[in-house]
Structure formats: structure tokens, C-alpha cells
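What follows is one structure encoded as C-alpha cells, with my remarks underneath.
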Amino acid sequence: DDPKMTEDEPLLPAGAPSLVRSATTQDPHGKKPPAGPSPSSDQGSSFPMLAVGVVVIAVVYMMVGGLEQGELGSPFDKDKFASLLTTRALGQTLEYKAQTSSTMADAKLLLKQRRPEELHGTVIVADSQTRAIGRKGRKWYAKSRDNLYATFLWVPSLSASPPPKGPVPQELLTQLNYAVAVAIARACAAEGVSGVGIKWPNDVWISDRKASGILLDYQPTKGGVALVGIGINVNEGLLNADKIDAAAKQAISIRDATGYVALKERVLAKVLAETEALMAGSLTSTLSSYAEYDMLSGRRIRVHHKSKNVNDPRDYDAVGIRPTKDGLEVEKSDGSHLTLLAEEVSISPM
């Protein structure tokens, strides 16, 4: 669930446009203020200072779009998060850890200790992870407390309408996978980020660099529980991250894209609210929302059967068509169409 894992990701050009423009005190119409007499001495110096203060406040407000800014290096604030949360179930129970091996491992431990119906919507948040888990068991960098690392538990029998009888339908898990990706994309957009896209199946990118990753682990025991791990680069500076690791060179954060320090609590609250709202609808409606951010539609891609760093005779180039309930539909060079499964292949945009 860490957004800087890049074994399956292409090395793409660095850089992203900042959405924050330099502020000036010039008149918005380009006119110079008229000359006039200086304030009389009995007004003192409070008026000029007050005017400057008002201008500074106005400039800061415009720069961040009226959003409250966070503070670099600050721990996750449970009370702040609770004040921003608008969900019915997701996040209403939250466990915070300053550091943990993996929030996904913590969620699995909870599942052994308690009944699923007691855990639906529970979120585990950590400021850093020492042994973050990724797709196919890969290790990920997840040490910066300026980012967001969380896992939530989703019990389909308590959320689907009508509740599924017997095994949980694969379509419901597919919807959840797509819904969380859309929710993260919307949360980034709500922070003022432009150029947000989703790389199938669920990586969120900003300006061709990875900002977020998702790991969905379905546990069929105890009636079925989905563990959803998310990692979002919120405030870590990654555009010049050569000293962190190779993966970070291909990553980007919300702060990189906007120029201001975002509230991690607000980002997570938005992700959970959007996820819950999408899961209240149908897979068809979720796919429609996903299409708004789909960055592979009509784009040339490389299909890898092992990884981008390992050549395999089965690898080939194709063009992305659309995500479906069964996987990613692509068109090969001979004009034939295939549906890819995320468990079997990975994708690099070209």
C-alpha cells in the first residue's frame, strides 16, 4: 500500500506543474494606487500593519483555495480526523500507531482477535511502516511521516444491498478495488491537484508520476472480509528525491503538485467518504466514475508477465481500451482484443 513501489512502473520524466502562483500585492487590474498624503501622525503605525496583515491572510487563502494547511512532520491527529469525517461506517473506529511493521499485518491480527461484524469500517493508520507490504509480496518504502499509510476492513455482508448469500461475488471486490482508486483520485483533486489519473487497476498518478498505491487482500474466512491497504504521498518532497531510493524518483506527492502542506486527516476523510458513497451504488456507476480518470484509454502500453525489468517472450505492446468488470480490455497490434487480469500481468504506459 505504498505509492513509491515501482517494480511494475516505467521510469517517466520527472516534474509536475505547481498549481500555486506567486502572489503579489499589485492591484488586480494592474493599476498603481493613486498618490496621496501620508497618514497623519495621530493614526500611528497600526493602520499600515493591519493592512499588510489583511493582504497576507488574503494571499494565503487564495494560495491554498481556502483549505486549512497541515504541518510537516506532524503525527496523525485523531481528533482532527474525527471532526472531518462524514461517513456512516468507514473510519468511525480508528486505531492510530506512530510506527508499525505494516497496517495490513495489524488488520489481519485484528481479524484473528475479533468478529468481522465488529470490525467493518475500522481503519488502522500509522505515521510510518517498517515492513510495508505490496503486490506479490514486494517490500515498499513507507517511512516518511509526511505521507498517509492506512488499512481499512470492509465486510461485504454488512455493506452490500442486498447482502450476498454464500461466497462474496467477485464483482463486488472488483467494484471495491476500482472505488478506492476513484476515491483517492477525487481526494487529490479536492486538494487542488490537476493532472490526476488512474493506472489500471488502482494506482493513482499525478502528471505521469505515482502518487498512490492500493493493495486489496480478501480473506474468505469468517464470512468474508476485504482488507484494503492504501499509501498516499501527501507531503513528502519527492521531485528531488535521489537520496531516498530509486522508487522515489518516479513518485510525486500532493505537496509537490500544489506547493502547500495538505492535511493528512482531510485527505483520508475524503477517501473514506468517497469510497463509501461509491460502494452504495453499482459496479456500472463506479466504472463510469473510473473512466473519468482512466489514463490508459487509447494509450500505448507494454504488457509485462513478470516485471518491467525482466524480459519475457510473452510480453507485448498494446493499446488500452477500457477497464471492465472482468479486467482491462486491450487491443493488440493484430487488432485482436484481450481482457487482462491484474493477478497475471502488470502494465507500463508508453
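Going through the C-alpha cells in order, the chains are called A, B, and so on, while each chain numbers its residues from 1 and the ligands are numbered from 1 in the order shown.
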Could you make a table, as JSON lines, of the residues of segment 137-218 of chain A that have an atom within 8 Å of an atom of segment 65-89 of chain A, each with its nearest atom pair and distance in Å to one decimal, counting only C-alpha atoms, in chain and number order?
```
{"residue": "A:Arg145", "atom": "CA", "partner": "A:Gly73", "partner_atom": "CA", "distance": 6.0}
{"residue": "A:Asp146", "atom": "CA", "partner": "A:Gly73", "partner_atom": "CA", "distance": 5.6}
{"residue": "A:Glu191", "atom": "CA", "partner": "A:Leu67", "partner_atom": "CA", "distance": 7.8}
{"residue": "A:Gly192", "atom": "CA", "partner": "A:Gly65", "partner_atom": "CA", "distance": 7.5}
```
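Within the 6 Å cut-off around segment 302-307 of chain A, using only C-alpha atoms and omitting residues fewer than 5 positions from it on the same chain, the listed residues are Asp8, Asp315, Tyr316, Asp317, Val345, Ser346, Ile347 and Ser348 of chain A.
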Take the residues from that selection and put them in a file with C-alpha atoms, as a PDB file, in the first residue's frame.
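Generated file (selection.pdb):
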```
ATOM      1  CA  ASP A   8       5.972  -2.528 -12.367  1.00  0.00           C
ATOM      2  CA  ASP A 315       5.334  -9.628 -23.243  1.00  0.00           C
ATOM      3  CA  TYR A 316       3.787  -7.436 -25.927  1.00  0.00           C
ATOM      4  CA  ASP A 317       2.683  -3.902 -26.804  1.00  0.00           C
ATOM      5  CA  VAL A 345       0.233  -9.148 -15.649  1.00  0.00           C
ATOM      6  CA  SER A 346       1.407  -5.604 -14.972  1.00  0.00           C
ATOM      7  CA  ILE A 347       1.256  -2.561 -17.225  1.00  0.00           C
ATOM      8  CA  SER A 348       3.685   0.181 -18.215  1.00  0.00           C
TER       9      SER A 348
END
```
Self-check item: Distance in Å - atom CA of Phe152 of chain A versus atom CA of Asn235 of chain A
Solution: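 So the two atoms, atom CA of Phe152 of chain A and atom CA of Asn235 of chain A, lie 21.4 Å apart.
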Practice problem: Please provide the set of residues having any atom within 12 Å of Gly298 of chain A, restricted to only C-alpha atoms, with same-chain residues fewer than 2 positions apart removed, written as a PyMOL selection string. | Solution: chain A and resi 291+294-296+300-301+318-323+329-332+349-350
Quick one: write out the picked residues with N, CA and C atoms as an mmCIF file, in the first residue's frame?
```cif
data_model
loop_
_atom_site.group_PDB
_atom_site.id
_atom_site.type_symbol
_atom_site.label_atom_id
_atom_site.label_comp_id
_atom_site.auth_asym_id
_atom_site.auth_seq_id
_atom_site.Cartn_x
_atom_site.Cartn_y
_atom_site.Cartn_z
ATOM 1 N N ALA A 291 -13.802 5.877 -15.349
ATOM 2 C CA ALA A 291 -13.470 6.301 -16.709
ATOM 3 C C ALA A 291 -13.040 7.759 -16.769
ATOM 4 N N ASP A 294 -9.321 7.447 -16.044
ATOM 5 C CA ASP A 294 -8.573 6.383 -16.709
ATOM 6 C C ASP A 294 -7.477 6.963 -17.603
ATOM 7 N N MET A 295 -6.218 6.681 -17.288
ATOM 8 C CA MET A 295 -5.104 7.240 -18.044
ATOM 9 C C MET A 295 -4.576 6.299 -19.116
ATOM 10 N N LEU A 296 -5.182 5.104 -19.260
ATOM 11 C CA LEU A 296 -4.701 4.147 -20.248
ATOM 12 C C LEU A 296 -5.582 4.063 -21.487
ATOM 13 N N ARG A 300 -0.793 3.756 -25.701
ATOM 14 C CA ARG A 300 0.032 2.575 -25.917
ATOM 15 C C ARG A 300 0.627 2.124 -24.596
ATOM 16 N N ILE A 301 0.630 0.824 -24.379
ATOM 17 C CA ILE A 301 1.117 0.254 -23.135
ATOM 18 C C ILE A 301 1.994 -0.962 -23.439
ATOM 19 N N ALA A 318 0.442 -3.034 -26.657
ATOM 20 C CA ALA A 318 -0.990 -2.985 -26.950
ATOM 21 C C ALA A 318 -1.488 -1.565 -26.743
ATOM 22 N N VAL A 319 -2.775 -1.383 -26.947
ATOM 23 C CA VAL A 319 -3.432 -0.101 -26.677
ATOM 24 C C VAL A 319 -4.546 -0.347 -25.667
ATOM 25 N N GLY A 320 -4.562 0.458 -24.605
ATOM 26 C CA GLY A 320 -5.616 0.316 -23.609
ATOM 27 C C GLY A 320 -6.966 0.734 -24.167
ATOM 28 N N ILE A 321 -7.992 -0.051 -23.889
ATOM 29 C CA ILE A 321 -9.348 0.270 -24.351
ATOM 30 C C ILE A 321 -10.189 0.778 -23.185
ATOM 31 N N ARG A 322 -10.449 -0.108 -22.208
ATOM 32 C CA ARG A 322 -11.273 0.294 -21.067
ATOM 33 C C ARG A 322 -11.163 -0.739 -19.952
ATOM 34 N N PRO A 323 -11.336 -0.301 -18.696
ATOM 35 C CA PRO A 323 -11.470 -1.264 -17.598
ATOM 36 C C PRO A 323 -12.883 -1.843 -17.605
ATOM 37 N N GLU A 329 -9.506 -4.310 -20.788
ATOM 38 C CA GLU A 329 -9.607 -4.673 -22.198
ATOM 39 C C GLU A 329 -8.544 -3.911 -22.983
ATOM 40 N N VAL A 330 -7.756 -4.653 -23.803
ATOM 41 C CA VAL A 330 -6.712 -4.040 -24.613
ATOM 42 C C VAL A 330 -6.829 -4.534 -26.053
ATOM 43 N N GLU A 331 -6.219 -3.797 -26.951
ATOM 44 C CA GLU A 331 -6.167 -4.196 -28.351
ATOM 45 C C GLU A 331 -4.717 -4.431 -28.753
ATOM 46 N N LYS A 332 -4.423 -5.630 -29.239
ATOM 47 C CA LYS A 332 -3.071 -5.968 -29.676
ATOM 48 C C LYS A 332 -2.819 -5.412 -31.071
ATOM 49 N N PRO A 349 2.734 2.286 -19.023
ATOM 50 C CA PRO A 349 2.340 3.213 -20.098
ATOM 51 C C PRO A 349 3.567 3.557 -20.950
ATOM 52 N N MET A 350 3.345 3.833 -22.226
ATOM 53 C CA MET A 350 4.451 4.181 -23.130
ATOM 54 C C MET A 350 4.279 5.625 -23.613
#
```
Practice problem: Quick one: pick out all strand (DSSP E) residues within segment 72-286 of chain A from a backbone DSSP run and write them as a PyMOL selection string. | Solution: chain A and resi 94-97+123-126+132-133+139-140+148-154+196-199+203-206+209-219+225-232
May I have the residues from that selection written out with C-alpha atoms, as a PDB file, in the first residue's frame?
```pdb
ATOM      1  CA  LEU A  94      -9.789   4.275  14.101  1.00  0.00           C
ATOM      2  CA  GLU A  95      -6.597   2.805  15.526  1.00  0.00           C
ATOM      3  CA  TYR A  96      -3.540   5.056  15.351  1.00  0.00           C
ATOM      4  CA  LYS A  97       0.071   3.922  15.627  1.00  0.00           C
ATOM      5  CA  VAL A 123      -9.256   1.948   9.925  1.00  0.00           C
ATOM      6  CA  ILE A 124      -5.671   1.491  11.090  1.00  0.00           C
ATOM      7  CA  VAL A 125      -3.378   4.471  10.469  1.00  0.00           C
ATOM      8  CA  ALA A 126       0.373   4.682  11.032  1.00  0.00           C
ATOM      9  CA  ALA A 132       5.258  -2.347   4.254  1.00  0.00           C
ATOM     10  CA  ILE A 133       3.687  -4.981   2.027  1.00  0.00           C
ATOM     11  CA  LYS A 139       8.651  -4.540   0.085  1.00  0.00           C
ATOM     12  CA  TRP A 140       7.889  -0.818  -0.160  1.00  0.00           C
ATOM     13  CA  LEU A 148      -0.527   8.556   4.642  1.00  0.00           C
ATOM     14  CA  TYR A 149      -0.433   4.818   5.394  1.00  0.00           C
ATOM     15  CA  ALA A 150      -3.673   3.075   6.299  1.00  0.00           C
ATOM     16  CA  THR A 151      -5.654  -0.151   6.044  1.00  0.00           C
ATOM     17  CA  PHE A 152      -9.413  -0.447   6.439  1.00  0.00           C
ATOM     18  CA  LEU A 153     -11.627  -3.506   6.825  1.00  0.00           C
ATOM     19  CA  TRP A 154     -14.664  -3.910   4.584  1.00  0.00           C
ATOM     20  CA  VAL A 196      -4.764  13.194 -11.720  1.00  0.00           C
ATOM     21  CA  GLY A 197      -5.195   9.804 -13.395  1.00  0.00           C
ATOM     22  CA  ILE A 198      -5.641   6.131 -12.543  1.00  0.00           C
ATOM     23  CA  LYS A 199      -3.351   3.482 -13.999  1.00  0.00           C
ATOM     24  CA  ASP A 203      -2.531   3.184  -8.957  1.00  0.00           C
ATOM     25  CA  VAL A 204      -3.203   6.922  -8.774  1.00  0.00           C
ATOM     26  CA  TRP A 205      -0.789   9.122 -10.712  1.00  0.00           C
ATOM     27  CA  ILE A 206      -0.201  12.842 -10.969  1.00  0.00           C
ATOM     28  CA  ARG A 209       4.341  10.031 -11.635  1.00  0.00           C
ATOM     29  CA  LYS A 210       2.917   7.713  -8.998  1.00  0.00           C
ATOM     30  CA  ALA A 211       1.145   9.319  -6.041  1.00  0.00           C
ATOM     31  CA  SER A 212      -0.725   6.395  -4.501  1.00  0.00           C
ATOM     32  CA  GLY A 213      -0.940   2.621  -4.412  1.00  0.00           C
ATOM     33  CA  ILE A 214      -3.631   0.244  -3.187  1.00  0.00           C
ATOM     34  CA  LEU A 215      -3.495  -3.366  -2.027  1.00  0.00           C
ATOM     35  CA  LEU A 216      -6.704  -5.359  -1.635  1.00  0.00           C
ATOM     36  CA  ASP A 217      -6.459  -8.638   0.294  1.00  0.00           C
ATOM     37  CA  TYR A 218      -9.662 -10.651   0.517  1.00  0.00           C
ATOM     38  CA  GLN A 219     -10.000 -13.019   3.471  1.00  0.00           C
ATOM     39  CA  VAL A 225     -13.610  -9.599   4.809  1.00  0.00           C
ATOM     40  CA  ALA A 226     -11.674  -7.331   2.453  1.00  0.00           C
ATOM     41  CA  LEU A 227      -8.561  -5.650   3.822  1.00  0.00           C
ATOM     42  CA  VAL A 228      -7.749  -2.518   1.810  1.00  0.00           C
ATOM     43  CA  GLY A 229      -4.302  -1.025   2.270  1.00  0.00           C
ATOM     44  CA  ILE A 230      -3.590   2.436   0.899  1.00  0.00           C
ATOM     45  CA  GLY A 231      -0.462   4.555   0.678  1.00  0.00           C
ATOM     46  CA  ILE A 232      -0.706   8.177  -0.450  1.00  0.00           C
TER      47      ILE A 232
END
```
Quiz item: In Å to one decimal, how far is atom CA of Leu268 of chain A from atom CA of Ser157 of chain A?
Solution: 23.8 Å
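For the set A:Gly259, A:Pro201, A:Pro116, A:Gly166, the residue with the smallest atom-to-atom gap to Thr324 of chain A is A:Pro201, counting only C-alpha atoms.
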Quiz item: Counting only C-alpha atoms, what is within 12 Å of segment 161-165 of chain A, bar same-chain residues fewer than 6 positions away, as a PyMOL selection string?
Solution: chain A and resi 155+171-173+223-224+279-282
So that I can see what lies close to Ala190 of chain A, please list as an mmCIF file with all heavy atoms, in the first residue's frame the residues with an atom at most 9 Å from it, counting only C-alpha atoms and leaving out residues fewer than 3 positions away in the same chain.
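Result file part.cif:
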```cif
data_model
loop_
_atom_site.group_PDB
_atom_site.id
_atom_site.type_symbol
_atom_site.label_atom_id
_atom_site.label_comp_id
_atom_site.auth_asym_id
_atom_site.auth_seq_id
_atom_site.Cartn_x
_atom_site.Cartn_y
_atom_site.Cartn_z
ATOM 1 N N ALA A 185 -8.275 9.466 -6.170
ATOM 2 C CA ALA A 185 -8.150 10.464 -7.230
ATOM 3 C C ALA A 185 -8.980 11.701 -6.903
ATOM 4 O O ALA A 185 -8.525 12.847 -7.085
ATOM 5 C CB ALA A 185 -8.592 9.860 -8.565
ATOM 6 N N ARG A 186 -10.194 11.492 -6.421
ATOM 7 C CA ARG A 186 -11.051 12.623 -6.059
ATOM 8 C C ARG A 186 -10.490 13.396 -4.872
ATOM 9 O O ARG A 186 -10.599 14.628 -4.805
ATOM 10 C CB ARG A 186 -12.459 12.123 -5.746
ATOM 11 C CG ARG A 186 -13.245 11.681 -6.979
ATOM 12 C CD ARG A 186 -14.610 11.137 -6.605
ATOM 13 N NE ARG A 186 -15.431 10.857 -7.795
ATOM 14 C CZ ARG A 186 -16.635 10.290 -7.755
ATOM 15 N NH1 ARG A 186 -17.163 9.949 -6.580
ATOM 16 N NH2 ARG A 186 -17.300 10.081 -8.873
ATOM 17 N N ALA A 187 -9.883 12.688 -3.923
ATOM 18 C CA ALA A 187 -9.286 13.362 -2.767
ATOM 19 C C ALA A 187 -8.122 14.241 -3.209
ATOM 20 O O ALA A 187 -7.949 15.357 -2.708
ATOM 21 C CB ALA A 187 -8.831 12.324 -1.742
ATOM 22 N N VAL A 193 -5.151 19.453 -6.875
ATOM 23 C CA VAL A 193 -4.205 18.826 -7.801
ATOM 24 C C VAL A 193 -4.848 18.677 -9.174
ATOM 25 O O VAL A 193 -5.991 18.227 -9.289
ATOM 26 C CB VAL A 193 -3.771 17.442 -7.285
ATOM 27 C CG1 VAL A 193 -2.823 16.777 -8.278
ATOM 28 C CG2 VAL A 193 -3.116 17.559 -5.916
ATOM 29 N N VAL A 267 -7.410 14.428 3.833
ATOM 30 C CA VAL A 267 -7.263 13.537 2.682
ATOM 31 C C VAL A 267 -7.874 12.177 2.980
ATOM 32 O O VAL A 267 -8.652 11.631 2.182
ATOM 33 C CB VAL A 267 -5.777 13.388 2.294
ATOM 34 C CG1 VAL A 267 -5.610 12.333 1.197
ATOM 35 C CG2 VAL A 267 -5.204 14.721 1.829
ATOM 36 N N LYS A 270 -11.709 12.269 3.176
ATOM 37 C CA LYS A 270 -12.298 12.366 1.841
ATOM 38 C C LYS A 270 -12.262 11.020 1.131
ATOM 39 O O LYS A 270 -13.249 10.613 0.486
ATOM 40 C CB LYS A 270 -11.536 13.410 1.026
ATOM 41 C CG LYS A 270 -12.006 13.594 -0.418
ATOM 42 C CD LYS A 270 -13.386 14.209 -0.501
ATOM 43 C CE LYS A 270 -13.742 14.568 -1.929
ATOM 44 N NZ LYS A 270 -15.121 15.119 -2.051
#
```
